[in-house]
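Trainee: Quick one: the structure is below, and I'll ask about it shortly.
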Amino acid sequence: FFLMHAWRSPMAMDAIPGNLGWPIVGETFSFLSEFSSPCGVYSFMKKRQQRYGKVFKSSVLGRLTVFMTGREAAKILLTGKDGIVSLNLFYAGKQVLGPTSLLQQTGEAHKRLRRLIAEPLSVDGLKKYFQFINNLAIETLDQWPGRTVLVHEEASTFTLKVIGNMIMSLEPTGEEQEKFRANFKVISSSFASLPIKIPGTTLYRGIKARDRMYDMLDTTIFKRRNRESFRQDFLESLIKKHCKDTSEGEDDKLTDTQLKDNILTLLVAGHDTTTAALTWVIKFLEENPAALERLREEHMEIQGSRKNGSSLTWSEINNMPYTTKVINETLRIATILPWFSRKAALDFEIDGCKIKKGWSINLDVVSIHHDPAVFPDPLKFDPSRFDEPLKPFSFLGFGSGPRMCPGINLAKLEILVFIHHLVCRYKWSPLEKDDSVQPTVVRMPRNKYPIIVKPL
Ligand code: HEM
């Protein structure tokens, strides 16, 4: 019934060019098969853009959607001027994240929550986690030589331990960490599952795991409020804002539900993305020896300028220009979030097409990142593209506008620290050649990128 409902084409969409494919499934099969290919959804989009232009309709994953691309469309959709669009989560995502999640807020409520969340994620706010991240990267890499390393799995463990510690001071090992990890895995896999909430389904299991995670948070919040424990972490800064006796205004207070929904939101939004980005950086560096050599020079110079025995410092992290360009180029080519989903909140017009309130719109970011007018020879890995500032809305690795990623500084910090220790100590080579991509919301190598590592 759900799929029938999703497939039904409103008459108003007749004016939008495109093909809705087969009844019910629409173009889902060709979308998924192209998604898993090395070019990802790029070839799906390109074929249709050549046939229909920059705006076309399709029916994929149970949703009748208008796909759009180009910097002009990005500007209109991402700045979301006059509240013309809102974020368009899947039903399962909405159920798991809870109604007060940042991803479900719009307008003033969204602005206010962002302000509260952005503060501890600012460059200054992150300084106190640097040492933990640095030590964890060294410990993780100590275990790499002499065995097959599945980079994606290692990156996943590393980024989850970082965010668990940052948010609620979770120790990197022990029973609590194991419980947290097990629950998070179930939540994460339920996020884009089928919208069926009965015992045995992925969504049902996701909601149960979410409830167990919230019980863990309730216990920690209770202890903090009763001063049974005190830590300087993200949770503490939000609890302080929640206290009735703070000097902050009413606007700066969060309810317990808001607190838990948004901690989960940061975990979900920040984990797979950073894991995928770190995996792609390591893969692309190996495939592009000239870029790896130049990047290694940057890090060897930093290491060489240190006194004997001292480790990476906070100020060194803030001075890695070439590595920052490598991260940007990785996010451009891999485009780990290939499209940004929105829902029209009003009727509006874009590229001559009339969009009606309630329609699903996907901004195709892959084509923006492969526009030869902005990125000549777009499939070539070339970090020097970022030597000069780019045209607005041509690079959207972290999005843009009011919903731009608030975790950008944390993600970059984790990758910079990890890459520094990796290239200063090791060389690595892949154990198999497979460029296919996992068909999940966040693009990552399907084979988890197995490598073998040797000391330099
Ligand atoms: C390399 C890693 C990351 C990438 C590539 C990335 C990318 C993005 C992008 C493209 C968006 C905008 C999506 C849209 O407009 O529809 C976004 C939003 C978001 N990101 Fe990230 N992200 C990363 C890491 C993180 C981390 C570490 C966190 C949290 C700790 C985080 C939290 C969020 C949240 C909460 C939003 C939603 C913001 C809002 O709706 O106002 N992200 N991210």
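Letters for chains follow the order of the structure tokens (A, B, ...), residue numbers begin at 1 for each chain, and ligand numbers begin at 1 in the order shown.
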Considering only alpha helix (DSSP H) as DSSP defines it on the backbone, what residues of segment 258-439 of chain A qualify? List them as a ChimeraX atom specification.

Mentor: /A:258-287,289-304,314-317,321-334,365-369,408-425

Trainee: Residues of the last selection are to be written out with C-alpha atoms, as a short mmCIF file (atom, residue, chain, number, x, y, z; two decimals), in the first residue's frame.

Mentor:
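Result file out17.cif:
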data_model
loop_
_atom_site.label_atom_id
_atom_site.label_comp_id
_atom_site.auth_asym_id
_atom_site.auth_seq_id
_atom_site.Cartn_x
_atom_site.Cartn_y
_atom_site.Cartn_z
CA GLN A 258 15.63 17.24 23.19
CA LEU A 259 18.91 16.41 24.81
CA LYS A 260 18.73 12.68 24.00
CA ASP A 261 17.26 13.09 20.50
CA ASN A 262 20.07 15.46 19.57
CA ILE A 263 22.88 13.43 21.04
CA LEU A 264 21.64 10.52 18.94
CA THR A 265 21.38 12.84 15.92
CA LEU A 266 25.05 13.82 16.25
CA LEU A 267 26.05 10.16 16.56
CA VAL A 268 24.07 9.12 13.50
CA ALA A 269 25.04 12.12 11.36
CA GLY A 270 28.69 12.10 12.39
CA HIS A 271 29.73 8.48 12.50
CA ASP A 272 29.23 6.87 9.06
CA THR A 273 30.21 10.08 7.27
CA THR A 274 33.57 10.48 9.03
CA THR A 275 34.26 6.74 8.77
CA ALA A 276 33.62 6.82 5.01
CA ALA A 277 35.68 9.99 4.50
CA LEU A 278 38.71 8.56 6.34
CA THR A 279 38.48 5.30 4.36
CA TRP A 280 38.26 7.13 1.01
CA VAL A 281 41.22 9.42 1.89
CA ILE A 282 43.43 6.36 2.60
CA LYS A 283 42.25 4.66 -0.62
CA PHE A 284 42.70 7.69 -2.87
CA LEU A 285 46.16 8.46 -1.45
CA GLU A 286 47.36 4.96 -2.32
CA GLU A 287 45.92 5.28 -5.83
CA PRO A 289 51.29 8.32 -5.49
CA ALA A 290 52.18 11.93 -6.40
CA ALA A 291 49.56 13.28 -3.98
CA LEU A 292 50.71 10.80 -1.29
CA GLU A 293 54.33 11.89 -1.73
CA ARG A 294 53.49 15.56 -1.40
CA LEU A 295 51.25 14.92 1.61
CA ARG A 296 53.93 12.79 3.29
CA GLU A 297 56.48 15.62 2.78
CA GLU A 298 54.11 17.97 4.63
CA HIS A 299 53.90 15.57 7.58
CA MET A 300 57.58 14.61 7.65
CA GLU A 301 58.44 18.30 7.78
CA ILE A 302 56.11 18.77 10.75
CA GLN A 303 57.56 15.72 12.48
CA GLY A 304 61.15 16.78 11.70
CA TRP A 314 47.24 21.26 18.42
CA SER A 315 48.97 24.11 16.57
CA GLU A 316 50.54 21.66 14.07
CA ILE A 317 47.07 20.32 13.28
CA PRO A 321 47.23 23.03 4.12
CA TYR A 322 47.96 20.28 1.60
CA THR A 323 46.24 17.59 3.67
CA THR A 324 43.18 19.83 3.99
CA LYS A 325 43.05 20.06 0.18
CA VAL A 326 43.37 16.26 -0.06
CA ILE A 327 40.36 15.90 2.26
CA ASN A 328 38.33 18.32 0.13
CA GLU A 329 39.30 16.59 -3.11
CA THR A 330 38.35 13.24 -1.55
CA LEU A 331 34.94 14.58 -0.55
CA ARG A 332 34.46 16.00 -4.05
CA ILE A 333 35.26 12.79 -5.94
CA ALA A 334 33.66 10.36 -3.45
CA VAL A 365 25.45 16.79 -5.61
CA VAL A 366 27.48 14.25 -7.61
CA SER A 367 26.88 16.14 -10.86
CA ILE A 368 27.73 19.47 -9.18
CA HIS A 369 31.03 17.93 -7.99
CA ILE A 408 33.01 19.86 9.99
CA ASN A 409 35.77 20.79 12.49
CA LEU A 410 35.52 17.48 14.36
CA ALA A 411 35.55 15.43 11.15
CA LYS A 412 38.61 17.29 9.83
CA LEU A 413 40.41 17.01 13.18
CA GLU A 414 39.93 13.21 13.31
CA ILE A 415 41.12 12.74 9.72
CA LEU A 416 44.14 15.06 10.04
CA VAL A 417 45.39 13.35 13.23
CA PHE A 418 44.89 9.84 11.83
CA ILE A 419 46.52 10.59 8.48
CA HIS A 420 49.50 12.27 10.17
CA HIS A 421 50.40 9.13 12.14
CA LEU A 422 49.60 6.81 9.24
CA VAL A 423 51.88 8.46 6.65
CA CYS A 424 54.72 9.13 9.11
CA ARG A 425 54.92 5.46 10.08
#

Trainee: Quick one: of A:Val162, A:Lys208, A:Thr202, A:Leu116, who's nearest to Phe130 of chain A, counting only C-alpha atoms?

Mentor: A:Val162

Trainee: May I have all residues of segment 202-353 of chain A that DSSP, computed from the backbone, assigns to strand (DSSP E), given as a list in words?

Mentor: Trp339, Phe340, Ser341, Arg342, Lys343, Ala344, Phe348, Glu349, Ile350 and Cys353 of chain A

Trainee: Keeping only C-alpha atoms, write the selected residues to a file as a PDB file, in the first residue's frame.

Mentor:
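Output file out19.pdb is given in full below:
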ATOM      1  CA  TRP A 339      22.149  13.886  -2.863  1.00  0.00           C
ATOM      2  CA  PHE A 340      20.503  16.187  -0.342  1.00  0.00           C
ATOM      3  CA  SER A 341      16.799  15.510   0.219  1.00  0.00           C
ATOM      4  CA  ARG A 342      14.312  18.287   0.731  1.00  0.00           C
ATOM      5  CA  LYS A 343      10.523  18.663   0.795  1.00  0.00           C
ATOM      6  CA  ALA A 344       8.865  21.740  -0.780  1.00  0.00           C
ATOM      7  CA  PHE A 348       8.041  27.791  -6.057  1.00  0.00           C
ATOM      8  CA  GLU A 349       9.793  27.845  -9.432  1.00  0.00           C
ATOM      9  CA  ILE A 350      13.281  26.624 -10.279  1.00  0.00           C
ATOM     10  CA  CYS A 353       9.886  24.292 -13.521  1.00  0.00           C
TER      11      CYS A 353
END

Trainee: For segment 226-232 of chain A, find every residue with an atom within 7 Å (counting only C-alpha atoms), except residues of its own chain fewer than 4 positions away, and show them as a list in words.

Mentor: Ser169, Phe222 and Glu236 of chain A

Trainee: How would the residues just chosen look if you wrote them out with N, CA and C atoms as an mmCIF file, in the first residue's frame?

Mentor:
data_model
loop_
_atom_site.group_PDB
_atom_site.id
_atom_site.type_symbol
_atom_site.label_atom_id
_atom_site.label_comp_id
_atom_site.auth_asym_id
_atom_site.auth_seq_id
_atom_site.Cartn_x
_atom_site.Cartn_y
_atom_site.Cartn_z
ATOM 1 N N SER A 169 31.994 11.011 27.536
ATOM 2 C CA SER A 169 33.209 10.526 28.223
ATOM 3 C C SER A 169 33.280 9.007 28.319
ATOM 4 N N PHE A 222 21.326 11.291 35.134
ATOM 5 C CA PHE A 222 20.939 11.258 36.552
ATOM 6 C C PHE A 222 22.176 11.429 37.449
ATOM 7 N N GLU A 236 27.746 17.287 29.376
ATOM 8 C CA GLU A 236 27.811 18.198 30.521
ATOM 9 C C GLU A 236 27.442 19.621 30.083
#

Trainee: Counting only C-alpha atoms, which of A:Ile138, A:Lys81, A:Asn19, A:Ser394 gets nearest to Lys57 of chain A?

Mentor: A:Asn19

Trainee: Enter the distance from atom CA of Leu97 of chain A to atom CA of Thr173 of chain A, in Å, rounded to one decimal.

Mentor: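 That distance, rounded to one decimal, is 25.9 Å.
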
Trainee: Which is closest to Asp233 of chain A among A:Ile198, A:Leu456, A:Leu203, A:Met166, if we use only C-alpha atoms?

Mentor: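 Counting only C-alpha atoms, the residue closest to Asp233 of chain A is A:Met166.
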
Trainee: Neighbouring residues of Arg48 of chain A were defined as those with any atom within 12 Å, considering only C-alpha atoms; residues of the same chain fewer than 6 positions away were excluded. Please report them as a PyMOL selection string.

Mentor: chain A and resi 17-20+27+30-31+41-42+54-58+66-69+364+367

Trainee: Please provide the set of residues having any atom within 7 Å of segment 443-449 of chain A, restricted to only C-alpha atoms, with same-chain residues fewer than 4 positions apart removed, written as a list in words.

Mentor: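 Near neighbours after the sequence-gap exclusion: Leu150, Val151, His152, Glu153, Ala276, Ile336, Leu337, Pro430, Asp435, Ser436, Val437 and Gln438 of chain A.
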
Trainee: When distances are computed from only C-alpha atoms and all ligand atoms, which of A:Pro195, A:Pro389, A:Gly80, A:Gly174 shows the smallest separation from ligand 1?

Mentor: A:Gly80
